[in-house]
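Chemist: Structure file start10.tsv (TSV, C-alpha atoms) right here:
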chain	number	residue	atom	x	y	z
I	482	MET	CA	-38.08	26.27	46.35
I	483	ILE	CA	-39.95	28.06	43.56
I	484	LYS	CA	-40.20	31.85	43.68
I	485	PHE	CA	-43.87	32.70	43.18
I	486	LYS	CA	-44.49	35.66	40.90
I	487	ARG	CA	-47.48	37.74	41.80
I	488	GLY	CA	-48.22	40.26	39.01
I	489	TRP	CA	-51.65	40.11	37.36
I	490	TYR	CA	-53.62	38.82	40.34
I	491	LYS	CA	-52.31	41.34	42.89
I	492	GLY	CA	-55.24	42.60	44.90
I	493	ILE	CA	-57.71	40.12	43.42
I	494	SER	CA	-59.51	37.90	45.90
I	495	LEU	CA	-59.77	34.15	45.40
I	496	ALA	CA	-63.57	34.49	45.34
I	497	ALA	CA	-63.36	37.00	42.49
I	498	LEU	CA	-60.94	34.75	40.63
I	499	MET	CA	-63.30	31.81	40.96
I	500	MET	CA	-66.36	33.80	39.85
I	501	CYS	CA	-64.48	34.96	36.79
I	502	THR	CA	-63.17	31.56	35.76
I	503	ILE	CA	-66.38	29.65	36.36
I	504	SER	CA	-68.43	32.23	34.50
I	505	ASN	CA	-66.13	31.81	31.50
I	506	SER	CA	-66.58	28.06	31.58
I	507	SER	CA	-69.55	26.04	30.39
I	508	THR	CA	-72.97	26.83	31.85
I	509	ALA	CA	-73.37	23.22	33.03
I	510	GLN	CA	-74.07	23.02	36.74
I	511	VAL	CA	-70.94	22.43	38.77
I	512	ARG	CA	-71.16	20.32	41.91
I	513	LYS	CA	-69.89	22.03	45.02
I	514	VAL	CA	-66.68	21.31	46.86
I	515	TRP	CA	-67.31	18.65	49.48
I	516	THR	CA	-67.87	19.87	53.00
I	517	LYS	CA	-65.71	18.52	55.81
I	518	GLU	CA	-68.58	16.24	56.74
I	519	GLN	CA	-68.95	14.85	53.21
I	520	ALA	CA	-65.21	14.36	52.83
I	521	ASN	CA	-64.82	12.55	56.13
I	522	GLU	CA	-67.88	10.41	55.47
I	523	TRP	CA	-66.26	9.25	52.22
I	524	TYR	CA	-62.88	8.71	53.84
I	525	LYS	CA	-64.04	6.55	56.71
I	526	LYS	CA	-65.27	3.99	54.17
I	527	GLN	CA	-61.84	3.64	52.55
I	528	GLY	CA	-59.69	2.11	55.25
I	529	TRP	CA	-56.05	3.19	55.43
I	530	LEU	CA	-54.86	3.91	51.89
I	531	VAL	CA	-51.29	2.94	51.03
I	532	GLY	CA	-49.78	2.76	47.57
I	533	ALA	CA	-47.19	4.19	45.20
I	534	ASN	CA	-46.90	6.48	42.21
I	535	TYR	CA	-47.06	3.91	39.45
I	536	LEU	CA	-45.40	3.64	36.05
I	537	PRO	CA	-44.59	0.22	34.58
I	538	LYS	CA	-40.87	-0.50	34.25
I	539	SER	CA	-41.25	-0.60	30.46
I	540	ALA	CA	-42.49	3.02	30.19
I	541	ILE	CA	-40.35	6.16	30.31
I	542	ASN	CA	-43.37	8.43	30.75
I	543	GLN	CA	-47.15	8.73	30.68
I	544	LEU	CA	-47.38	8.59	26.88
I	545	GLU	CA	-45.38	5.38	26.66
I	546	MET	CA	-47.61	3.91	29.36
I	547	TRP	CA	-50.89	4.73	27.57
I	548	GLN	CA	-50.16	4.64	23.82
I	549	ALA	CA	-51.42	1.56	22.01
I	550	ASP	CA	-48.02	0.31	20.79
I	551	THR	CA	-46.45	0.35	24.25
I	552	PHE	CA	-49.37	-0.36	26.60
I	553	ASP	CA	-47.85	-3.19	28.61
I	554	THR	CA	-50.57	-5.29	30.26
I	555	GLU	CA	-48.19	-8.13	31.08
I	556	ASN	CA	-45.94	-6.00	33.27
I	557	ILE	CA	-48.84	-4.00	34.69
I	558	ASP	CA	-50.49	-7.21	35.87
I	559	LYS	CA	-47.26	-8.56	37.31
I	560	GLU	CA	-46.29	-5.31	39.04
I	561	LEU	CA	-49.71	-4.61	40.53
I	562	GLY	CA	-49.41	-8.14	41.89
I	563	TYR	CA	-46.28	-6.99	43.72
I	564	ALA	CA	-48.29	-4.11	45.14
I	565	GLN	CA	-51.03	-6.43	46.33
I	566	SER	CA	-48.43	-8.63	48.02
I	567	LEU	CA	-47.30	-5.59	50.04
I	568	GLY	CA	-50.84	-4.91	51.20
I	569	MET	CA	-51.12	-1.83	48.99
I	570	ASN	CA	-54.66	-0.92	47.99
I	571	THR	CA	-54.17	2.10	45.73
I	572	MET	CA	-51.79	3.58	43.15
I	573	ARG	CA	-51.38	7.12	41.84
I	574	VAL	CA	-51.39	7.01	38.04
I	575	PHE	CA	-50.78	9.83	35.53
I	576	LEU	CA	-52.76	10.29	32.31
I	577	HIS	CA	-51.81	12.58	29.40
I	578	ASP	CA	-54.00	14.89	27.32
I	579	LEU	CA	-52.22	13.97	24.08
I	580	ALA	CA	-52.93	10.27	24.58
I	581	TYR	CA	-56.62	11.17	24.70
I	582	GLU	CA	-56.38	13.65	21.81
I	583	THR	CA	-54.68	11.13	19.51
I	584	ASP	CA	-56.95	8.15	20.19
I	585	SER	CA	-59.77	8.83	22.63
I	586	LEU	CA	-61.62	5.53	22.14
I	587	GLY	CA	-58.43	3.50	22.42
I	588	PHE	CA	-57.43	5.56	25.44
I	589	TYR	CA	-60.68	4.66	27.20
I	590	LYS	CA	-60.19	0.99	26.36
I	591	ARG	CA	-56.70	0.99	27.79
I	592	ILE	CA	-57.83	2.78	30.95
I	593	ASP	CA	-60.62	0.22	31.30
I	594	THR	CA	-58.10	-2.59	30.89
I	595	PHE	CA	-55.85	-1.01	33.51
I	596	LEU	CA	-58.75	-0.60	35.93
I	597	THR	CA	-59.77	-4.23	35.41
I	598	ILE	CA	-56.23	-5.39	36.20
I	599	ALA	CA	-56.08	-3.08	39.22
I	600	GLN	CA	-59.42	-4.37	40.48
I	601	LYS	CA	-58.13	-7.93	40.17
I	602	HIS	CA	-55.37	-6.93	42.61
I	603	LYS	CA	-57.76	-5.01	44.90
I	604	ILE	CA	-56.23	-1.66	43.95
I	605	ARG	CA	-58.21	1.53	43.32
I	606	PRO	CA	-56.06	4.18	41.62
I	607	LEU	CA	-55.94	7.93	42.16
I	608	ILE	CA	-55.89	9.38	38.65
I	609	VAL	CA	-53.75	12.43	37.81
I	610	ILE	CA	-55.08	14.59	34.97
I	611	PHE	CA	-52.41	17.29	34.42
I	612	ASP	CA	-48.76	17.65	35.51
I	613	SER	CA	-46.26	20.55	35.43
I	614	CYS	CA	-43.08	18.52	35.97
I	615	TRP	CA	-40.09	17.79	33.72
I	616	ASP	CA	-40.11	18.10	29.88
I	617	PRO	CA	-42.43	20.91	28.69
I	618	PHE	CA	-42.49	19.65	25.09
I	619	PRO	CA	-44.41	16.33	24.97
I	620	GLN	CA	-44.77	14.57	21.62
I	621	VAL	CA	-46.91	11.60	20.72
I	622	GLY	CA	-45.42	8.55	19.05
I	623	LYS	CA	-42.24	6.70	19.87
I	624	GLN	CA	-40.57	8.10	23.00
I	625	HIS	CA	-36.80	8.50	23.25
I	626	GLU	CA	-34.64	6.11	25.23
I	627	PRO	CA	-33.62	7.06	28.78
I	628	LYS	CA	-30.54	9.21	29.27
I	629	PRO	CA	-28.11	6.93	31.11
I	630	TYR	CA	-28.19	7.31	34.90
I	631	VAL	CA	-30.56	10.33	34.85
I	632	HIS	CA	-33.65	10.56	37.07
I	633	ASN	CA	-36.92	10.79	35.09
I	634	SER	CA	-35.11	11.69	31.87
I	635	GLY	CA	-38.21	11.20	29.74
I	636	TRP	CA	-41.16	12.35	31.87
I	637	VAL	CA	-43.31	14.97	30.10
I	638	GLN	CA	-45.64	17.75	31.17
I	639	SER	CA	-49.35	17.74	30.43
I	640	PRO	CA	-50.43	20.05	28.95
I	641	GLY	CA	-47.21	21.05	27.26
I	642	GLN	CA	-45.84	24.56	27.04
I	643	LYS	CA	-47.32	25.29	23.62
I	644	ALA	CA	-50.82	24.41	24.79
I	645	LEU	CA	-50.45	26.49	27.95
I	646	GLN	CA	-49.55	29.57	25.91
I	647	ASP	CA	-52.31	29.08	23.35
I	648	GLU	CA	-55.73	29.87	24.84
I	649	SER	CA	-57.41	28.49	21.71
I	650	GLN	CA	-56.29	25.05	22.93
I	651	TYR	CA	-58.16	25.42	26.21
I	652	ILE	CA	-61.32	24.18	24.49
I	653	ARG	CA	-59.44	20.97	23.71
I	654	LEU	CA	-58.19	20.70	27.29
I	655	GLU	CA	-61.68	21.30	28.67
I	656	LYS	CA	-63.08	18.59	26.41
I	657	TYR	CA	-60.41	16.17	27.65
I	658	VAL	CA	-61.06	16.84	31.33
I	659	ARG	CA	-64.84	16.76	31.06
I	660	ALA	CA	-64.88	13.68	28.85
I	661	VAL	CA	-62.52	11.55	30.93
I	662	VAL	CA	-63.96	12.49	34.32
I	663	SER	CA	-67.52	12.10	33.02
I	664	HIS	CA	-66.73	8.69	31.53
I	665	TYR	CA	-65.57	7.40	34.93
I	666	ALA	CA	-67.59	9.69	37.22
I	667	LYS	CA	-69.43	6.81	38.86
I	668	ASP	CA	-66.78	4.12	38.42
I	669	LYS	CA	-66.12	2.55	41.82
I	670	ARG	CA	-62.78	1.21	40.59
I	671	ILE	CA	-61.37	4.76	40.76
I	672	LEU	CA	-60.43	6.24	44.12
I	673	GLY	CA	-60.28	9.89	43.09
I	674	TRP	CA	-58.94	12.58	40.76
I	675	ASP	CA	-55.74	14.57	41.26
I	676	VAL	CA	-56.47	17.38	38.83
I	677	TRP	CA	-52.96	18.90	38.56
I	678	ASN	CA	-49.64	17.65	39.92
I	679	GLU	CA	-47.34	20.38	41.29
I	680	PRO	CA	-48.94	23.06	39.11
I	681	ASP	CA	-46.39	25.76	40.00
I	682	ASN	CA	-43.29	23.62	39.52
I	683	MET	CA	-40.74	25.40	37.30
I	684	THR	CA	-38.72	22.15	36.89
I	685	GLY	CA	-35.48	23.29	38.53
I	686	PRO	CA	-32.17	22.57	36.75
I	687	SER	CA	-33.65	20.03	34.36
I	688	TYR	CA	-35.79	22.29	32.16
I	689	GLU	CA	-36.17	25.65	33.91
I	690	ARG	CA	-34.10	27.44	31.26
I	691	LEU	CA	-36.74	26.36	28.71
I	692	GLU	CA	-39.79	27.28	30.78
I	693	ILE	CA	-41.79	30.41	30.00
I	694	LYS	CA	-41.40	33.03	32.72
I	695	ASN	CA	-45.14	33.45	33.26
I	696	LYS	CA	-45.91	29.73	33.49
I	697	VAL	CA	-47.12	29.99	37.10
I	698	ASP	CA	-49.31	33.01	36.29
I	699	ILE	CA	-50.95	31.11	33.42
I	700	ILE	CA	-51.63	28.01	35.50
I	701	THR	CA	-52.91	30.06	38.45
I	702	LYS	CA	-55.61	31.35	36.11
I	703	LEU	CA	-56.23	27.97	34.51
I	704	LEU	CA	-56.34	25.75	37.60
I	705	PRO	CA	-59.73	26.97	38.90
I	706	LYS	CA	-61.17	26.28	35.46
I	707	VAL	CA	-59.79	22.74	35.52
I	708	PHE	CA	-61.41	22.13	38.89
I	709	ALA	CA	-64.67	23.53	37.50
I	710	TRP	CA	-64.48	21.33	34.38
I	711	ALA	CA	-63.86	18.21	36.45
I	712	ARG	CA	-66.55	19.09	38.97
I	713	ALA	CA	-69.08	19.77	36.20
I	714	ALA	CA	-68.82	16.07	35.32
I	715	LYS	CA	-70.29	15.41	38.79
I	716	PRO	CA	-67.82	12.72	39.86
I	717	THR	CA	-68.74	10.60	42.85
I	718	GLN	CA	-65.02	10.47	43.64
I	719	PRO	CA	-63.15	13.36	45.31
I	720	LEU	CA	-61.04	15.96	43.51
I	721	THR	CA	-57.72	17.22	44.82
I	722	SER	CA	-54.46	18.93	43.89
I	723	GLY	CA	-51.49	18.61	46.22
I	724	VAL	CA	-49.49	21.47	47.69
I	725	TRP	CA	-45.82	20.64	47.62
I	726	ALA	CA	-43.49	23.56	48.48
I	727	GLY	CA	-44.02	26.60	50.67
I	728	ASP	CA	-45.27	27.73	54.07
I	729	TRP	CA	-48.68	26.20	54.82
I	730	SER	CA	-48.78	27.14	58.50
I	731	GLN	CA	-51.20	30.05	58.04
I	732	ASP	CA	-53.67	31.05	55.34
I	733	ALA	CA	-51.95	34.43	55.05
I	734	LYS	CA	-48.69	32.73	54.05
I	735	LEU	CA	-50.17	30.65	51.25
I	736	LYS	CA	-49.46	31.48	47.63
I	737	LEU	CA	-52.59	32.16	45.59
I	738	ILE	CA	-52.19	28.94	43.64
I	739	GLU	CA	-52.02	27.03	46.95
I	740	LYS	CA	-55.23	28.71	48.08
I	741	VAL	CA	-56.90	27.49	44.91
I	742	GLN	CA	-55.55	23.97	45.45
I	743	LEU	CA	-56.62	23.75	49.09
I	744	GLU	CA	-59.97	25.50	48.83
I	745	GLU	CA	-61.06	23.68	45.69
I	746	SER	CA	-60.01	20.21	46.87
I	747	ASP	CA	-62.61	17.82	48.27
I	748	VAL	CA	-59.80	16.14	50.21
I	749	ILE	CA	-56.43	17.67	51.08
I	750	SER	CA	-53.28	16.32	49.44
I	751	PHE	CA	-49.63	17.25	49.80
I	752	HIS	CA	-46.08	16.12	49.03
I	753	ASN	CA	-43.24	15.68	51.49
I	754	TYR	CA	-39.75	14.29	50.94
I	755	ASP	CA	-38.37	15.32	54.33
I	756	ASN	CA	-37.50	13.63	57.61
I	757	PRO	CA	-40.20	12.37	60.01
I	758	THR	CA	-40.22	15.52	62.15
I	759	ILE	CA	-40.89	17.81	59.20
I	760	PHE	CA	-43.39	15.32	57.78
I	761	GLU	CA	-45.39	15.32	61.00
I	762	ASN	CA	-45.29	19.12	61.18
I	763	ARG	CA	-46.72	19.31	57.66
I	764	ILE	CA	-49.62	17.09	58.69
I	765	LYS	CA	-50.31	19.33	61.67
I	766	GLU	CA	-50.21	22.45	59.49
I	767	LEU	CA	-52.86	21.07	57.14
I	768	SER	CA	-55.06	19.58	59.84
I	769	ARG	CA	-56.82	22.94	60.29
I	770	TYR	CA	-58.89	22.17	57.19
I	771	GLY	CA	-60.56	19.28	59.01
I	772	LYS	CA	-60.57	17.13	55.89
I	773	PRO	CA	-58.95	13.78	55.05
I	774	MET	CA	-55.30	14.06	54.04
I	775	LEU	CA	-53.43	12.22	51.31
I	776	CYS	CA	-49.64	12.40	51.08
I	777	THR	CA	-49.43	11.76	47.35
I	778	GLU	CA	-45.63	11.85	47.16
I	779	TYR	CA	-42.96	10.89	49.70
I	780	MET	CA	-39.94	8.56	50.16
I	781	ALA	CA	-36.52	9.76	49.08
I	782	ARG	CA	-34.07	7.73	51.13
I	783	PRO	CA	-31.07	10.10	51.09
I	784	ASN	CA	-33.35	12.95	52.21
I	785	GLY	CA	-34.39	11.03	55.31
I	786	SER	CA	-37.84	10.29	53.91
I	787	THR	CA	-38.31	6.54	54.36
I	788	PHE	CA	-41.03	3.96	54.85
I	789	GLN	CA	-39.86	3.28	58.39
I	790	GLY	CA	-39.91	6.98	59.25
I	791	SER	CA	-43.10	8.11	57.53
I	792	LEU	CA	-45.60	5.24	57.58
I	793	PRO	CA	-46.04	4.99	61.37
I	794	ILE	CA	-46.72	8.74	61.58
I	795	ALA	CA	-49.17	8.55	58.69
I	796	LYS	CA	-51.01	5.64	60.28
I	797	LYS	CA	-51.25	7.56	63.57
I	798	TYR	CA	-52.90	10.52	61.82
I	799	LYS	CA	-54.80	8.37	59.29
I	800	VAL	CA	-53.04	9.99	56.33
I	801	ALA	CA	-53.13	8.12	53.00
I	802	MET	CA	-49.65	7.45	51.60
I	803	PHE	CA	-48.27	7.19	48.05
I	804	ASN	CA	-44.50	6.81	47.79
I	805	TRP	CA	-42.74	7.85	44.59
I	806	GLY	CA	-41.53	4.98	42.44
I	807	PHE	CA	-42.30	1.30	42.43
I	808	VAL	CA	-40.34	-0.98	40.06
I	809	SER	CA	-36.97	0.23	38.77
I	810	GLY	CA	-37.14	0.71	35.03
I	811	LYS	CA	-37.05	3.33	32.30
I	812	SER	CA	-37.91	6.14	34.71
I	813	GLN	CA	-34.54	5.56	36.41
I	814	THR	CA	-35.77	7.10	39.65
I	815	ILE	CA	-33.28	5.06	41.66
I	816	TYR	CA	-30.99	7.99	40.77
I	817	PRO	CA	-31.43	11.28	42.67
I	818	TRP	CA	-32.76	14.58	41.39
I	819	ASP	CA	-29.21	15.94	41.17
I	820	SER	CA	-28.39	13.42	38.43
I	821	TRP	CA	-29.40	16.25	36.06
I	822	THR	CA	-26.34	18.21	37.20
I	823	LYS	CA	-24.03	15.53	38.61
I	824	GLN	CA	-22.49	12.62	36.73
I	825	TYR	CA	-23.46	9.07	37.77
I	826	ASN	CA	-21.94	5.99	36.14
I	827	SER	CA	-23.46	3.14	38.15
I	828	GLU	CA	-26.22	2.23	40.55
I	829	PRO	CA	-26.10	4.64	43.51
I	830	PRO	CA	-25.15	3.16	46.90
I	831	VAL	CA	-28.55	4.22	48.21
I	832	TRP	CA	-31.53	4.23	45.85
I	833	PHE	CA	-33.42	7.49	45.75
I	834	HIS	CA	-36.86	5.97	44.95
I	835	ASP	CA	-38.40	2.60	43.96
I	836	ILE	CA	-39.04	-0.60	45.91
I	837	PHE	CA	-38.38	-3.47	43.48
I	838	ARG	CA	-35.66	-4.31	41.01
I	839	GLU	CA	-36.63	-5.05	37.40
I	840	ASP	CA	-36.79	-8.78	38.12
I	841	GLY	CA	-39.27	-8.22	40.95
I	842	SER	CA	-36.84	-8.81	43.79
I	843	PRO	CA	-36.91	-6.20	46.59
I	844	TYR	CA	-34.24	-3.51	46.73
I	845	LYS	CA	-34.31	-3.98	50.52
I	846	GLN	CA	-36.08	-6.97	52.00
I	847	GLU	CA	-36.38	-5.22	55.36
I	848	GLU	CA	-38.36	-2.41	53.70
I	849	VAL	CA	-40.76	-4.84	52.08
I	850	ASP	CA	-41.20	-6.65	55.39
I	851	PHE	CA	-41.84	-3.34	57.16
I	852	ILE	CA	-44.46	-2.20	54.64
I	853	LYS	CA	-46.26	-5.52	55.04
I	854	SER	CA	-46.13	-5.18	58.82
I	855	MET	CA	-47.89	-1.82	58.52
I	856	THR	CA	-50.47	-2.68	55.87
I	857	LEU	CA	-51.31	-6.31	56.63
I	858	LYS	CA	-51.36	-6.00	60.40
I	859	LYS	CA	-54.87	-6.46	61.73
Transcribe the structure of this file into structure tokens.
Modeler:
Amino acid sequence: MIKFKRGWYKGISLAALMMCTISNSSTAQVRKVWTKEQANEWYKKQGWLVGANYLPKSAINQLEMWQADTFDTENIDKELGYAQSLGMNTMRVFLHDLAYETDSLGFYKRIDTFLTIAQKHKIRPLIVIFDSCWDPFPQVGKQHEPKPYVHNSGWVQSPGQKALQDESQYIRLEKYVRAVVSHYAKDKRILGWDVWNEPDNMTGPSYERLEIKNKVDIITKLLPKVFAWARAAKPTQPLTSGVWAGDWSQDAKLKLIEKVQLEESDVISFHNYDNPTIFENRIKELSRYGKPMLCTEYMARPNGSTFQGSLPIAKKYKVAMFNWGFVSGKSQTIYPWDSWTKQYNSEPPVWFHDIFREDGSPYKQEEVDFIKSMTLKK
């Protein structure tokens, strides 16, 4: 669990924080956060949403997925076909600010191509704009090869550490957010926007020694601006950012960054890699907001988070579900998080994440059959 550092914002209300950040942003009118009524009206039109966090097997990270030289339409088409066969109707997909910065027109074309392929397979993706996890030093161009047997050995943060520390780059980041959301603001192929994945994640044993100590403070200031930038584009799709670690049982126990996430989200999203009892308790904790809920990360078999344990509960409460991992590949997320500190030399006896092997065969046929029984059952 991340220790949250208070510091600069001590005694400052969330309302004051929001007034300050929005006033420093562009003067363009910002659409309001959806009411409970608006959010639930949108959600009832969606049906039960089930999907995965998606990266093609040929990509080690977001840059390798979206850069021109490695944009892999063949595998994307094939793998989204696997998703369709499971009855999945959505995928959570991560963008990267440097892919836009390097080649904005090409970036749009590749996103359009991806959306066309997804539409062919009746899948509407949830698009992630920023992410605080793993390597804080992203670089464009050829990405390194995976470290053998290491979970997510090449995933990169967006924005990177240098951009976070340099406020002069915030103009660039604002342009990226506004441009991309505006470009697709009325695109019915997109389900919604996840503006920042795990914004207060300090990356644990993988990169924490390289993280700046005030990273969370910086992002706590920046996150309301990102919501404002995205909302200024007036998207017809909902905005969200998922809480992932902490005590959500009462407003008084929330960290400030969690208050921003929950109060600025049109729909509520969260992560949970725990057993069914804890998963259900998390749903109950967040139900007080009265808004639709999306579990945008779950399923870590050794942790007790499984399809068989989580999906029936989610269906009962009408919670959208996105498991982590899909086809085993360069991300190597069949290996557990502790592969950063523990030596592995072969496939683990129990996969941590992922559903399919590289050849498209299921890791566990009974899991595939169970997912289908939940999603295709009329």
Chemist: How far is it from CA of Ile598 in chain I to CA of Ser746 in chain I, in Å with one decimal?
Modeler: 28.0 Å
Chemist: Kindly give the distance, in Å, that separates CA of Met780 in chain I and CA of Met569 in chain I, rounded to a single decimal.
Modeler: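 Between CA of Met780 in chain I and CA of Met569 in chain I the gap works out to 15.3 Å.
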Chemist: The residues within 12 Å of (-67.4, 16.6, 37.0), using all atoms listed in the file and the coordinates of the file, should be reported as a PyMOL selection string; which are they?
Modeler: chain I and resi 507+509-514+655-667+673-674+676+706-720
Chemist: CA of Met802 in chain I and CA of Ala599 in chain I are how many Å apart?
Modeler: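 Interatomic distance here is 17.5 Å.
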Chemist: Write out as a list in words which residues come within 8 Å of Gln742 in chain I when counting all atoms listed in the file, dropping same-chain ones fewer than 2 positions away.
Modeler: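 Contacts, with the query itself left out: Thr721, Ser722, Gly723, Val724, Ile738, Glu739, Lys740, Glu744, Glu745 and Ser746 of chain I.
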Chemist: Between I:Asp835, I:Asp681, I:Asp668, I:Glu766, which one has atoms that come closest to Val741 in chain I, using all atoms listed in the file?
Modeler: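 Closest to Val741 in chain I of all the choices is I:Asp681.
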Chemist: Give me the residues within 12 Å of Glu522 in chain I as an MDAnalysis selection string, counting all atoms listed in the file and dropping any in the same chain fewer than 5 places off.
Modeler: chainID I and resid 515:517 527:528 719 747:748 772:773
Chemist: Go ahead and save the picked residues with C-alpha atoms, as a CSV table (one decimal), keeping the file's coordinate frame.
Modeler:
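Printed below is result.csv as written:
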chain,number,residue,atom,x,y,z
I,515,TRP,CA,-67.3,18.6,49.5
I,516,THR,CA,-67.9,19.9,53.0
I,517,LYS,CA,-65.7,18.5,55.8
I,527,GLN,CA,-61.8,3.6,52.6
I,528,GLY,CA,-59.7,2.1,55.2
I,719,PRO,CA,-63.2,13.4,45.3
I,747,ASP,CA,-62.6,17.8,48.3
I,748,VAL,CA,-59.8,16.1,50.2
I,772,LYS,CA,-60.6,17.1,55.9
I,773,PRO,CA,-59.0,13.8,55.0
Chemist: Could the residues of range 633-739 of chain I that have an atom at most 12 Å from range 822-830 of chain I be listed as JSON lines, each with its closest atom pair and the distance in Å to one decimal, counting only C-alpha atoms and ordered by chain and ascending residue number?
Modeler:
{"residue": "I:Gly685", "atom": "CA", "partner": "I:Thr822", "partner_atom": "CA", "distance": 10.5}
{"residue": "I:Pro686", "atom": "CA", "partner": "I:Thr822", "partner_atom": "CA", "distance": 7.3}
{"residue": "I:Ser687", "atom": "CA", "partner": "I:Thr822", "partner_atom": "CA", "distance": 8.1}
{"residue": "I:Tyr688", "atom": "CA", "partner": "I:Thr822", "partner_atom": "CA", "distance": 11.5}
Chemist: For Tyr844 in chain I, which of I:Met683, I:Leu775, I:Trp832, I:Lys811 is the closest residue, counting only C-alpha atoms?
Modeler: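 Once distances to Tyr844 in chain I are computed over only C-alpha atoms, the minimum belongs to I:Trp832.
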Chemist: I need the residue nearest Gly568 in chain I from this list: I:Trp529, I:Trp729, I:Phe807, I:Tyr524. Use all atoms listed in the file for the distance.
Modeler: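 So, comparing all the options, the nearest one is I:Trp529.
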Chemist: Need the shell around Phe611 in chain I: protein/DNA/RNA residues with any atom at most 9 Å away, counting only C-alpha atoms. Skip same-chain ones fewer than 6 positions apart. Format as a PyMOL selection string?
Modeler: chain I and resi 575-578+638-640+675-678+680
Chemist: With only C-alpha atoms as the basis for distance, which of I:Glu692, I:Glu848, I:Glu761, I:Asp728 is at the shortest distance from Phe618 in chain I?
Modeler: I:Glu692
Chemist: Hey, can you pull every residue with an atom no more than 10 Å from (-48.1, 3.1, 22.9), using only C-alpha atoms, and send it as a VMD selection string?
Modeler: chain I and resid 540 543 to 553 580 588 621 to 624
Chemist: For Ile592 in chain I, which of I:Lys525, I:Gly562, I:His632, I:Ile557 is the closest residue, counting all atoms listed in the file?
Modeler: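 Closest candidate: I:Ile557.
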Chemist: Of the candidates I:Glu689, I:Glu582, I:Asp593, I:Asp558, which one gets nearest to Trp821 in chain I if we count all atoms listed in the file?
Modeler: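 Checking each of I:Glu689, I:Glu582, I:Asp593, I:Asp558 against Trp821 in chain I, counting all atoms listed in the file, the winner is I:Glu689.
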Chemist: Could you give me, as a tab-separated table (two decimals) with C-alpha atoms, in the coordinates of the input, the residues within 9 Å of Phe760 in chain I, counting only C-alpha atoms and dropping anything in the same chain fewer than 3 positions from it?
Modeler:
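The resulting file, selection_18.tsv, is shown below:
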chain	number	residue	atom	x	y	z
I	753	ASN	CA	-43.24	15.68	51.49
I	754	TYR	CA	-39.75	14.29	50.94
I	755	ASP	CA	-38.37	15.32	54.33
I	756	ASN	CA	-37.50	13.63	57.61
I	757	PRO	CA	-40.20	12.37	60.01
I	763	ARG	CA	-46.72	19.31	57.66
I	764	ILE	CA	-49.62	17.09	58.69
I	765	LYS	CA	-50.31	19.33	61.67
I	786	SER	CA	-37.84	10.29	53.91
I	791	SER	CA	-43.10	8.11	57.53
I	794	ILE	CA	-46.72	8.74	61.58
I	795	ALA	CA	-49.17	8.55	58.69
Chemist: Edge lengths and centre in Å to one decimal, as JSON, of the axis-aligned box that encloses all listed atoms of range 743-751 of chain I with 4 Å added on every side?
Modeler:
{"center_x": -56.1, "center_y": 20.8, "center_z": 48.4, "size_x": 21.0, "size_y": 17.4, "size_z": 13.4}
